[in-house]
$ cat coords13.pdb   # PDB, C-alpha atoms and all ligand atoms
ATOM      1  CA  MET A  16      50.607  92.643 223.378
ATOM      2  CA  ASP A  17      48.605  93.909 220.409
ATOM      3  CA  ILE A  18      49.588  94.505 216.801
ATOM      4  CA  SER A  19      50.830  98.066 217.459
ATOM      5  CA  HIS A  20      53.346  96.749 220.005
ATOM      6  CA  PHE A  21      54.563  94.227 217.491
ATOM      7  CA  ILE A  22      54.960  96.874 214.752
ATOM      8  CA  LYS A  23      56.872  99.092 217.207
ATOM      9  CA  TYR A  24      59.127  96.164 217.968
ATOM     10  CA  LEU A  25      59.719  95.717 214.223
ATOM     11  CA  HIS A  26      60.496  99.444 213.950
ATOM     12  CA  TYR A  27      63.063  99.241 216.769
ATOM     13  CA  ILE A  28      64.757  96.031 215.735
ATOM     14  CA  SER A  29      65.064  97.263 212.135
ATOM     15  CA  ILE A  30      66.624 100.521 213.364
ATOM     16  CA  PHE A  31      69.174  98.539 215.397
ATOM     17  CA  ILE A  32      70.050  96.445 212.355
ATOM     18  CA  VAL A  33      70.297  99.502 210.055
ATOM     19  CA  PHE A  34      72.636 101.230 212.508
ATOM     20  CA  SER A  35      74.694  98.069 213.033
ATOM     21  CA  CYS A  36      75.122  97.522 209.278
ATOM     22  CA  LEU A  37      76.444 101.052 208.806
ATOM     23  CA  ALA A  38      78.728 100.765 211.840
ATOM     24  CA  ILE A  39      80.149  97.468 210.533
ATOM     25  CA  GLU A  40      80.650  98.998 207.071
ATOM     26  CA  PHE A  41      82.456 101.938 208.653
ATOM     27  CA  VAL A  42      84.815  99.690 210.610
ATOM     28  CA  LEU A  43      85.532  97.371 207.668
ATOM     29  CA  LEU A  44      86.194 100.149 205.174
ATOM     30  CA  LYS A  45      89.867 101.001 205.484
ATOM     31  CA  PRO A  46      91.475 103.306 202.867
ATOM     32  CA  GLN A  47      92.471 100.145 200.967
ATOM     33  CA  ILE A  48      90.773  96.731 201.218
ATOM     34  CA  ASP A  49      90.781  93.593 199.108
ATOM     35  CA  ARG A  50      87.850  92.852 196.840
ATOM     36  CA  LYS A  51      86.794  89.896 198.984
ATOM     37  CA  MET A  52      86.174  92.341 201.841
ATOM     38  CA  LEU A  53      84.453  94.769 199.484
ATOM     39  CA  LYS A  54      82.024  92.008 198.497
ATOM     40  CA  ILE A  55      81.269  91.415 202.179
ATOM     41  CA  VAL A  56      80.649  95.136 202.676
ATOM     42  CA  TYR A  57      78.387  95.129 199.603
ATOM     43  CA  LYS A  58      76.376  92.299 201.122
ATOM     44  CA  ILE A  59      76.061  94.147 204.441
ATOM     45  CA  ASP A  60      74.960  97.206 202.477
ATOM     46  CA  GLY A  61      72.207  95.058 200.980
ATOM     47  CA  TYR A  62      70.958  94.179 204.483
ATOM     48  CA  TYR A  63      71.133  97.871 205.336
ATOM     49  CA  GLY A  64      68.832  98.627 202.385
ATOM     50  CA  LEU A  65      66.451  95.814 203.209
ATOM     51  CA  PHE A  66      66.045  96.788 206.852
ATOM     52  CA  SER A  67      65.732 100.491 205.955
ATOM     53  CA  ILE A  68      62.640  99.508 203.995
ATOM     54  CA  LEU A  69      61.319  97.726 207.086
ATOM     55  CA  VAL A  70      62.022 100.818 209.245
ATOM     56  CA  VAL A  71      59.980 102.927 206.817
ATOM     57  CA  ALA A  72      57.203 100.349 206.445
ATOM     58  CA  ALA A  73      56.812  99.945 210.218
ATOM     59  CA  GLY A  74      57.116 103.731 210.750
ATOM     60  CA  LEU A  75      54.465 104.527 208.155
ATOM     61  CA  THR A  76      52.168 101.850 209.606
ATOM     62  CA  LEU A  77      52.524 103.388 213.080
ATOM     63  CA  TRP A  78      51.935 106.839 211.674
ATOM     64  CA  LEU A  79      48.995 106.233 209.362
ATOM     65  CA  TRP A  80      47.138 103.114 210.444
ATOM     66  CA  ILE A  81      47.984 101.822 213.907
ATOM     67  CA  GLY A  82      48.405 103.377 217.355
ATOM     68  CA  LYS A  83      47.774 107.086 217.819
ATOM     69  CA  PRO A  84      45.671 108.911 215.186
ATOM     70  CA  ALA A  85      47.715 110.318 212.275
ATOM     71  CA  GLU A  86      46.678 113.912 213.244
ATOM     72  CA  PHE A  87      48.608 113.547 216.502
ATOM     73  CA  TYR A  88      51.869 113.507 214.545
ATOM     74  CA  HIS A  89      50.699 115.966 211.928
ATOM     75  CA  GLU A  90      49.914 118.639 214.571
ATOM     76  CA  ASN A  91      53.304 118.280 216.172
ATOM     77  CA  GLY A  92      55.186 118.370 212.870
ATOM     78  CA  ILE A  93      58.359 116.760 214.195
ATOM     79  CA  ILE A  94      57.536 113.627 212.230
ATOM     80  CA  TYR A  95      58.284 115.551 209.027
ATOM     81  CA  ILE A  96      61.785 116.462 210.235
ATOM     82  CA  LYS A  97      62.298 112.840 211.248
ATOM     83  CA  LEU A  98      61.096 111.634 207.875
ATOM     84  CA  GLY A  99      63.204 114.275 206.094
ATOM     85  CA  LEU A 100      66.370 113.248 207.933
ATOM     86  CA  PHE A 101      65.778 109.602 207.130
ATOM     87  CA  ILE A 102      65.310 110.513 203.466
ATOM     88  CA  VAL A 103      68.627 112.425 203.630
ATOM     89  CA  VAL A 104      70.289 109.277 205.045
ATOM     90  CA  GLY A 105      68.746 107.237 202.227
ATOM     91  CA  LEU A 106      69.946 109.655 199.564
ATOM     92  CA  LEU A 107      73.452 109.830 201.050
ATOM     93  CA  SER A 108      73.647 106.051 201.080
ATOM     94  CA  ILE A 109      73.295 105.933 197.288
ATOM     95  CA  ILE A 110      76.924 107.095 196.902
ATOM     96  CA  PRO A 111      78.569 104.235 198.881
ATOM     97  CA  THR A 112      76.125 101.690 197.406
ATOM     98  CA  VAL A 113      76.954 102.723 193.839
ATOM     99  CA  PHE A 114      80.674 102.550 194.685
ATOM    100  CA  PHE A 115      80.358  99.000 196.117
ATOM    101  CA  PHE A 116      78.227  97.919 193.175
ATOM    102  CA  ARG A 117      80.709  99.215 190.585
ATOM    103  CA  ASN A 118      83.722  97.688 192.291
ATOM    104  CA  ARG A 119      82.336  94.327 193.359
ATOM    105  CA  LYS A 120      83.450  92.355 190.287
ATOM    106  CA  GLY A 121      86.958  91.012 189.873
ATOM    107  CA  ASP A 122      89.548  88.928 191.611
ATOM    108  CA  ASP A 123      89.085  88.464 195.375
ATOM    109  CA  SER A 124      92.724  89.346 196.056
ATOM    110  CA  ASP A 125      92.680  92.667 194.102
ATOM    111  CA  LEU A 126      93.184  95.731 196.242
ATOM    112  CA  VAL A 127      90.524  98.424 196.025
ATOM    113  CA  GLU A 128      91.080 102.041 197.068
ATOM    114  CA  ILE A 129      88.166 103.335 199.142
ATOM    115  CA  PRO A 130      87.603 107.056 198.482
ATOM    116  CA  GLY A 131      87.596 109.174 201.636
ATOM    117  CA  ARG A 132      84.138 110.475 200.738
ATOM    118  CA  VAL A 133      82.624 106.970 201.027
ATOM    119  CA  ARG A 134      83.778 106.634 204.651
ATOM    120  CA  SER A 135      82.800 110.244 205.439
ATOM    121  CA  ILE A 136      79.312 109.718 204.055
ATOM    122  CA  ILE A 137      78.796 106.592 206.165
ATOM    123  CA  LYS A 138      80.003 108.519 209.235
ATOM    124  CA  LEU A 139      77.531 111.296 208.443
ATOM    125  CA  GLU A 140      74.705 108.772 208.048
ATOM    126  CA  LEU A 141      75.533 107.317 211.474
ATOM    127  CA  LEU A 142      75.518 110.787 213.037
ATOM    128  CA  ILE A 143      72.133 111.640 211.526
ATOM    129  CA  LEU A 144      70.747 108.298 212.718
ATOM    130  CA  LEU A 145      71.809 109.228 216.255
ATOM    131  CA  ILE A 146      69.718 112.417 216.126
ATOM    132  CA  ILE A 147      66.519 110.789 214.861
ATOM    133  CA  PRO A 148      65.587 108.897 218.088
ATOM    134  CA  MET A 149      65.561 112.226 219.973
ATOM    135  CA  LEU A 150      63.045 113.571 217.463
ATOM    136  CA  ALA A 151      61.103 110.315 217.783
ATOM    137  CA  VAL A 152      60.788 110.700 221.548
ATOM    138  CA  LEU A 153      59.575 114.314 221.200
ATOM    139  CA  MET A 154      57.205 113.273 218.435
ATOM    140  CA  ALA A 155      55.763 110.293 220.353
ATOM    141  CA  ASN A 156      55.144 112.427 223.451
ATOM    142  CA  GLY A 157      53.579 115.336 221.578
ATOM    143  CA  VAL A 158      56.294 117.782 222.672
ATOM    144  CA  ALA A 159      56.022 120.938 220.569
ATOM    145  CA  VAL A 160      59.355 122.473 219.673
ATOM    146  CA  PHE A 161      58.147 125.153 217.255
TER     147      PHE A 161
HETATM  148  C1  LIG B 201      59.994 106.747 207.390
HETATM  149  C2  LIG B 201      60.610 106.875 208.506
HETATM  150  C3  LIG B 201      59.918 106.800 209.839
HETATM  151  C4  LIG B 201      58.604 106.996 210.188
HETATM  152  C5  LIG B 201      57.428 107.324 209.316
HETATM  153  C6  LIG B 201      58.517 106.800 211.615
HETATM  154  C7  LIG B 201      57.363 106.873 212.373
HETATM  155  C8  LIG B 201      57.247 106.542 213.697
HETATM  156  C9  LIG B 201      56.024 106.487 214.451
HETATM  157  C10 LIG B 201      54.637 106.852 213.917
HETATM  158  C11 LIG B 201      56.326 106.102 215.714
HETATM  159  C12 LIG B 201      55.333 105.850 216.868
HETATM  160  C13 LIG B 201      55.429 106.936 217.917
HETATM  161  C14 LIG B 201      54.446 106.713 219.015
HETATM  162  O1  LIG B 201      54.521 105.716 219.721
HETATM  163  O2  LIG B 201      53.587 107.588 219.168
HETATM  164  C15 LIG B 201      57.762 105.931 215.787
HETATM  165  C16 LIG B 201      58.476 105.604 216.919
HETATM  166  C17 LIG B 201      59.820 105.669 217.020
HETATM  167  N1  LIG B 201      60.714 105.832 215.981
HETATM  168 FE1  LIG B 201      60.241 106.110 214.027
HETATM  169  N2  LIG B 201      59.768 106.508 212.099
HETATM  170  C18 LIG B 201      60.653 106.517 211.038
HETATM  171  C19 LIG B 201      62.011 106.295 211.089
HETATM  172  C20 LIG B 201      62.717 106.193 212.268
HETATM  173  C21 LIG B 201      64.146 106.124 212.368
HETATM  174  C22 LIG B 201      65.101 106.129 211.174
HETATM  175  C23 LIG B 201      64.462 106.070 213.689
HETATM  176  C24 LIG B 201      65.794 106.016 214.371
HETATM  177  C25 LIG B 201      66.947 106.188 213.825
HETATM  178  C26 LIG B 201      63.235 106.069 214.429
HETATM  179  C27 LIG B 201      63.132 105.990 215.803
HETATM  180  C28 LIG B 201      61.972 105.839 216.499
HETATM  181  C29 LIG B 201      61.897 105.666 217.931
HETATM  182  C30 LIG B 201      63.080 105.639 218.910
HETATM  183  C31 LIG B 201      60.542 105.582 218.251
HETATM  184  C32 LIG B 201      59.944 105.433 219.658
HETATM  185  C33 LIG B 201      59.606 106.789 220.224
HETATM  186  C34 LIG B 201      58.904 106.654 221.569
HETATM  187  O3  LIG B 201      58.024 105.794 221.714
HETATM  188  O4  LIG B 201      59.225 107.446 222.471
HETATM  189  N3  LIG B 201      62.186 106.144 213.527
HETATM  190  N4  LIG B 201      58.306 106.199 214.526
END
$ encode --input "coords13.pdb" --output "structure tokens"
Amino acid sequence: MDISHFIKYLHYISIFIVFSCLAIEFVLLKPQIDRKMLKIVYKIDGYYGLFSILVVAAGLTLWLWIGKPAEFYHENGIIYIKLGLFIVVGLLSIIPTVFFFRNRKGDDSDLVEIPGRVRSIIKLELLILLIIPMLAVLMANGVAVF
């Protein structure tokens, strides 16, 4: 096992954690929850953010410094779609994060209404995350789709 295998492992495990955090958030977020639960969701959202950074850091390391030469991915171009979709997920996630942040303070027993758009956005993020591994496989194997 060399360093590139280890970085790939980091990439994978971070992706699993990112997906799990969003899935847990989705399940916990009912139309109305108490603030205690909202604080838990906010914490999970923090882990989501942290591990997203690790996904990007490991991905960029694999792309630019370790493993196959960077041109391999550049020629294929799929990496840019993959990157773009992950950026979309990151941008979408700002909306739920801001909502959790704004509503986290107060009594634990207070009831908080969760706007439908917060759940829909998390669902959309999960769907996009399901597409990305397909692009990753094509990208890693140099399959040209254009
Ligand atoms: C900034 C974002 C990302 C960058 C720069 C990036 C880059 C890379 C690179 C360079 C590889 C190595 C491919 C190879 O072995 O030749 C890789 C592998 C992989 N990535 Fe990412 N990645 C990113 C985000 C993601 C995300 C969000 C997912 C999944 C949701 C993902 C899923 C995968 C998978 C499944 C592989 C293994 C592909 C294979 O070996 O067949 N990546 N990524």
$ closest_atom_pairs --input "coords13.pdb" --of "chain A" --to "ligand LIG 201 (chain B)" --cutoff "9 Å" --atoms "only C-alpha atoms and all ligand atoms" --output "JSON lines"
{"residue": "A:Ser19", "atom": "CA", "partner": "B:LIG201", "partner_atom": "O1", "distance": 8.8}
{"residue": "A:Lys23", "atom": "CA", "partner": "B:LIG201", "partner_atom": "C16", "distance": 6.7}
{"residue": "A:His26", "atom": "CA", "partner": "B:LIG201", "partner_atom": "FE1", "distance": 6.7}
{"residue": "A:Tyr27", "atom": "CA", "partner": "B:LIG201", "partner_atom": "C29", "distance": 6.6}
{"residue": "A:Ser29", "atom": "CA", "partner": "B:LIG201", "partner_atom": "C21", "distance": 8.9}
{"residue": "A:Ile30", "atom": "CA", "partner": "B:LIG201", "partner_atom": "C24", "distance": 5.6}
{"residue": "A:Phe31", "atom": "CA", "partner": "B:LIG201", "partner_atom": "C25", "distance": 8.1}
{"residue": "A:Val33", "atom": "CA", "partner": "B:LIG201", "partner_atom": "C25", "distance": 8.4}
{"residue": "A:Phe34", "atom": "CA", "partner": "B:LIG201", "partner_atom": "C25", "distance": 7.7}
{"residue": "A:Ser67", "atom": "CA", "partner": "B:LIG201", "partner_atom": "C22", "distance": 7.7}
{"residue": "A:Ile68", "atom": "CA", "partner": "B:LIG201", "partner_atom": "C1", "distance": 8.4}
{"residue": "A:Val70", "atom": "CA", "partner": "B:LIG201", "partner_atom": "C19", "distance": 5.8}
{"residue": "A:Val71", "atom": "CA", "partner": "B:LIG201", "partner_atom": "C1", "distance": 3.9}
{"residue": "A:Ala72", "atom": "CA", "partner": "B:LIG201", "partner_atom": "C1", "distance": 7.0}
{"residue": "A:Ala73", "atom": "CA", "partner": "B:LIG201", "partner_atom": "C6", "distance": 7.2}
{"residue": "A:Gly74", "atom": "CA", "partner": "B:LIG201", "partner_atom": "C6", "distance": 3.5}
{"residue": "A:Leu75", "atom": "CA", "partner": "B:LIG201", "partner_atom": "C5", "distance": 4.2}
{"residue": "A:Thr76", "atom": "CA", "partner": "B:LIG201", "partner_atom": "C10", "distance": 7.0}
{"residue": "A:Leu77", "atom": "CA", "partner": "B:LIG201", "partner_atom": "C10", "distance": 4.1}
{"residue": "A:Trp78", "atom": "CA", "partner": "B:LIG201", "partner_atom": "C10", "distance": 3.5}
{"residue": "A:Leu79", "atom": "CA", "partner": "B:LIG201", "partner_atom": "C10", "distance": 7.3}
{"residue": "A:Ile81", "atom": "CA", "partner": "B:LIG201", "partner_atom": "C10", "distance": 8.3}
{"residue": "A:Gly82", "atom": "CA", "partner": "B:LIG201", "partner_atom": "O2", "distance": 6.9}
{"residue": "A:Lys83", "atom": "CA", "partner": "B:LIG201", "partner_atom": "O2", "distance": 6.0}
{"residue": "A:Pro84", "atom": "CA", "partner": "B:LIG201", "partner_atom": "O2", "distance": 9.0}
{"residue": "A:Ala85", "atom": "CA", "partner": "B:LIG201", "partner_atom": "C10", "distance": 7.9}
{"residue": "A:Phe87", "atom": "CA", "partner": "B:LIG201", "partner_atom": "O2", "distance": 8.2}
{"residue": "A:Tyr88", "atom": "CA", "partner": "B:LIG201", "partner_atom": "C10", "distance": 7.2}
{"residue": "A:Ile94", "atom": "CA", "partner": "B:LIG201", "partner_atom": "C7", "distance": 6.8}
{"residue": "A:Tyr95", "atom": "CA", "partner": "B:LIG201", "partner_atom": "C5", "distance": 8.3}
{"residue": "A:Lys97", "atom": "CA", "partner": "B:LIG201", "partner_atom": "C18", "distance": 6.5}
{"residue": "A:Leu98", "atom": "CA", "partner": "B:LIG201", "partner_atom": "C2", "distance": 4.8}
{"residue": "A:Gly99", "atom": "CA", "partner": "B:LIG201", "partner_atom": "C2", "distance": 8.2}
{"residue": "A:Leu100", "atom": "CA", "partner": "B:LIG201", "partner_atom": "C22", "distance": 7.9}
{"residue": "A:Phe101", "atom": "CA", "partner": "B:LIG201", "partner_atom": "C22", "distance": 5.4}
{"residue": "A:Ile102", "atom": "CA", "partner": "B:LIG201", "partner_atom": "C1", "distance": 7.6}
{"residue": "A:Val104", "atom": "CA", "partner": "B:LIG201", "partner_atom": "C22", "distance": 8.6}
{"residue": "A:Leu141", "atom": "CA", "partner": "B:LIG201", "partner_atom": "C25", "distance": 9.0}
{"residue": "A:Ile143", "atom": "CA", "partner": "B:LIG201", "partner_atom": "C25", "distance": 7.9}
{"residue": "A:Leu144", "atom": "CA", "partner": "B:LIG201", "partner_atom": "C25", "distance": 4.5}
{"residue": "A:Leu145", "atom": "CA", "partner": "B:LIG201", "partner_atom": "C25", "distance": 6.2}
{"residue": "A:Ile146", "atom": "CA", "partner": "B:LIG201", "partner_atom": "C25", "distance": 7.2}
{"residue": "A:Ile147", "atom": "CA", "partner": "B:LIG201", "partner_atom": "C25", "distance": 4.7}
{"residue": "A:Pro148", "atom": "CA", "partner": "B:LIG201", "partner_atom": "C30", "distance": 4.2}
{"residue": "A:Met149", "atom": "CA", "partner": "B:LIG201", "partner_atom": "C30", "distance": 7.1}
{"residue": "A:Leu150", "atom": "CA", "partner": "B:LIG201", "partner_atom": "C27", "distance": 7.8}
{"residue": "A:Ala151", "atom": "CA", "partner": "B:LIG201", "partner_atom": "C33", "distance": 4.5}
{"residue": "A:Val152", "atom": "CA", "partner": "B:LIG201", "partner_atom": "O4", "distance": 3.7}
{"residue": "A:Leu153", "atom": "CA", "partner": "B:LIG201", "partner_atom": "O4", "distance": 7.0}
{"residue": "A:Met154", "atom": "CA", "partner": "B:LIG201", "partner_atom": "C13", "distance": 6.6}
{"residue": "A:Ala155", "atom": "CA", "partner": "B:LIG201", "partner_atom": "O2", "distance": 3.7}
{"residue": "A:Asn156", "atom": "CA", "partner": "B:LIG201", "partner_atom": "O4", "distance": 6.5}
{"residue": "A:Gly157", "atom": "CA", "partner": "B:LIG201", "partner_atom": "O2", "distance": 8.1}
$ atom_distance --input "coords13.pdb" --atom1 "atom CA of A:Tyr57" --atom2 "atom CA of A:Gly121"
13.6 Å
$ residues_around --input "coords13.pdb" --residues "A:Val127" --least-positions-apart "2" --cutoff "7 Å" --atoms "only C-alpha atoms" --output "ChimeraX atom specification"
/A:47-50,125,129
$ atom_distance --input "coords13.pdb" --atom1 "atom CA of A:Arg132" --atom2 "atom CA of A:Pro111"
8.6 Å
$ atom_distance --input "coords13.pdb" --atom1 "atom CA of A:Val113" --atom2 "atom CA of A:Ser35"
19.9 Å
$ closest_residue --input "coords13.pdb" --among "A:His89, A:Cys36, A:Glu140, A:Phe115" --to "A:Tyr62" --atoms "only C-alpha atoms"
A:Cys36
$ closest_residue --input "coords13.pdb" --among "A:Tyr63, A:Ile32, A:Arg117, A:Gly92" --to "A:Gly105" --atoms "all atoms listed in the file"
A:Tyr63
$ resolve_selection --input "coords13.pdb" --expression "the PyMOL selection byres (((chain A and resi 52) around 12) and not hetatm)" --output "JSON, numbers by chain"
{"A": [39, 40, 42, 43, 44, 45, 47, 48, 49, 50, 51, 53, 54, 55, 56, 57, 58, 59, 115, 118, 119, 120, 122, 123, 124, 125, 126, 127, 128, 129]}
$ closest_residue --input "coords13.pdb" --among "A:Leu25, A:Leu139, A:Ile18, A:Val103" --to "A:Ala38" --atoms "all atoms listed in the file"
A:Leu139
$ closest_residue --input "coords13.pdb" --among "A:Leu37, A:Leu69, A:Met16, A:Ile96" --to "A:Val133" --atoms "only C-alpha atoms"
A:Leu37
$ decode --input "coords13.pdb" --residues "stretch 82-107 of chain A" --atoms "N, CA and C atoms" --output "short mmCIF file (atom, residue, chain, number, x, y, z; two decimals), in the first residue's frame"
data_model
loop_
_atom_site.label_atom_id
_atom_site.label_comp_id
_atom_site.auth_asym_id
_atom_site.auth_seq_id
_atom_site.Cartn_x
_atom_site.Cartn_y
_atom_site.Cartn_z
N GLY A 82 -0.78 9.65 -7.92
CA GLY A 82 -1.50 8.74 -8.82
C GLY A 82 -1.26 9.10 -10.27
N LYS A 83 -2.32 9.02 -11.07
CA LYS A 83 -2.16 9.29 -12.51
C LYS A 83 -1.79 10.76 -12.73
N PRO A 84 -1.10 11.07 -13.88
CA PRO A 84 -0.77 12.47 -14.14
C PRO A 84 -2.04 13.31 -14.32
N ALA A 85 -1.97 14.58 -13.92
CA ALA A 85 -3.15 15.47 -13.96
C ALA A 85 -3.76 15.54 -15.37
N GLU A 86 -2.89 15.43 -16.43
CA GLU A 86 -3.39 15.54 -17.82
C GLU A 86 -4.40 14.44 -18.14
N PHE A 87 -4.21 13.28 -17.49
CA PHE A 87 -5.11 12.15 -17.74
C PHE A 87 -6.56 12.59 -17.51
N TYR A 88 -6.80 13.33 -16.44
CA TYR A 88 -8.15 13.75 -16.11
C TYR A 88 -8.57 14.95 -16.95
N HIS A 89 -7.59 15.79 -17.23
CA HIS A 89 -7.86 17.00 -18.01
C HIS A 89 -8.36 16.63 -19.42
N GLU A 90 -7.68 15.63 -20.03
CA GLU A 90 -8.04 15.20 -21.40
C GLU A 90 -9.46 14.67 -21.45
N ASN A 91 -9.82 13.92 -20.44
CA ASN A 91 -11.13 13.29 -20.40
C ASN A 91 -12.25 14.30 -20.12
N GLY A 92 -11.96 15.23 -19.25
CA GLY A 92 -12.90 16.33 -18.98
C GLY A 92 -14.00 16.02 -17.98
N ILE A 93 -14.25 14.73 -17.74
CA ILE A 93 -15.36 14.37 -16.84
C ILE A 93 -15.11 14.91 -15.43
N ILE A 94 -13.83 15.04 -15.09
CA ILE A 94 -13.51 15.53 -13.74
C ILE A 94 -14.14 16.90 -13.49
N TYR A 95 -14.28 17.71 -14.57
CA TYR A 95 -14.84 19.05 -14.38
C TYR A 95 -16.34 18.98 -14.08
N ILE A 96 -17.02 17.99 -14.67
CA ILE A 96 -18.45 17.82 -14.38
C ILE A 96 -18.60 17.35 -12.94
N LYS A 97 -17.70 16.41 -12.57
CA LYS A 97 -17.72 15.88 -11.21
C LYS A 97 -17.50 17.01 -10.20
N LEU A 98 -16.48 17.78 -10.47
CA LEU A 98 -16.16 18.92 -9.60
C LEU A 98 -17.33 19.90 -9.54
N GLY A 99 -17.90 20.19 -10.72
CA GLY A 99 -19.02 21.13 -10.82
C GLY A 99 -20.20 20.66 -10.00
N LEU A 100 -20.52 19.36 -10.11
CA LEU A 100 -21.67 18.83 -9.35
C LEU A 100 -21.42 18.91 -7.86
N PHE A 101 -20.16 18.66 -7.46
CA PHE A 101 -19.88 18.72 -6.03
C PHE A 101 -19.96 20.17 -5.54
N ILE A 102 -19.58 21.10 -6.38
CA ILE A 102 -19.71 22.52 -6.02
C ILE A 102 -21.20 22.87 -5.88
N VAL A 103 -22.03 22.34 -6.80
CA VAL A 103 -23.48 22.57 -6.71
C VAL A 103 -24.01 22.05 -5.37
N VAL A 104 -23.57 20.83 -4.99
CA VAL A 104 -24.00 20.26 -3.70
C VAL A 104 -23.58 21.20 -2.56
N GLY A 105 -22.35 21.68 -2.63
CA GLY A 105 -21.84 22.58 -1.59
C GLY A 105 -22.65 23.87 -1.51
N LEU A 106 -22.98 24.42 -2.67
CA LEU A 106 -23.76 25.67 -2.67
C LEU A 106 -25.17 25.43 -2.14
N LEU A 107 -25.78 24.31 -2.58
CA LEU A 107 -27.13 23.99 -2.09
C LEU A 107 -27.13 23.85 -0.57
#
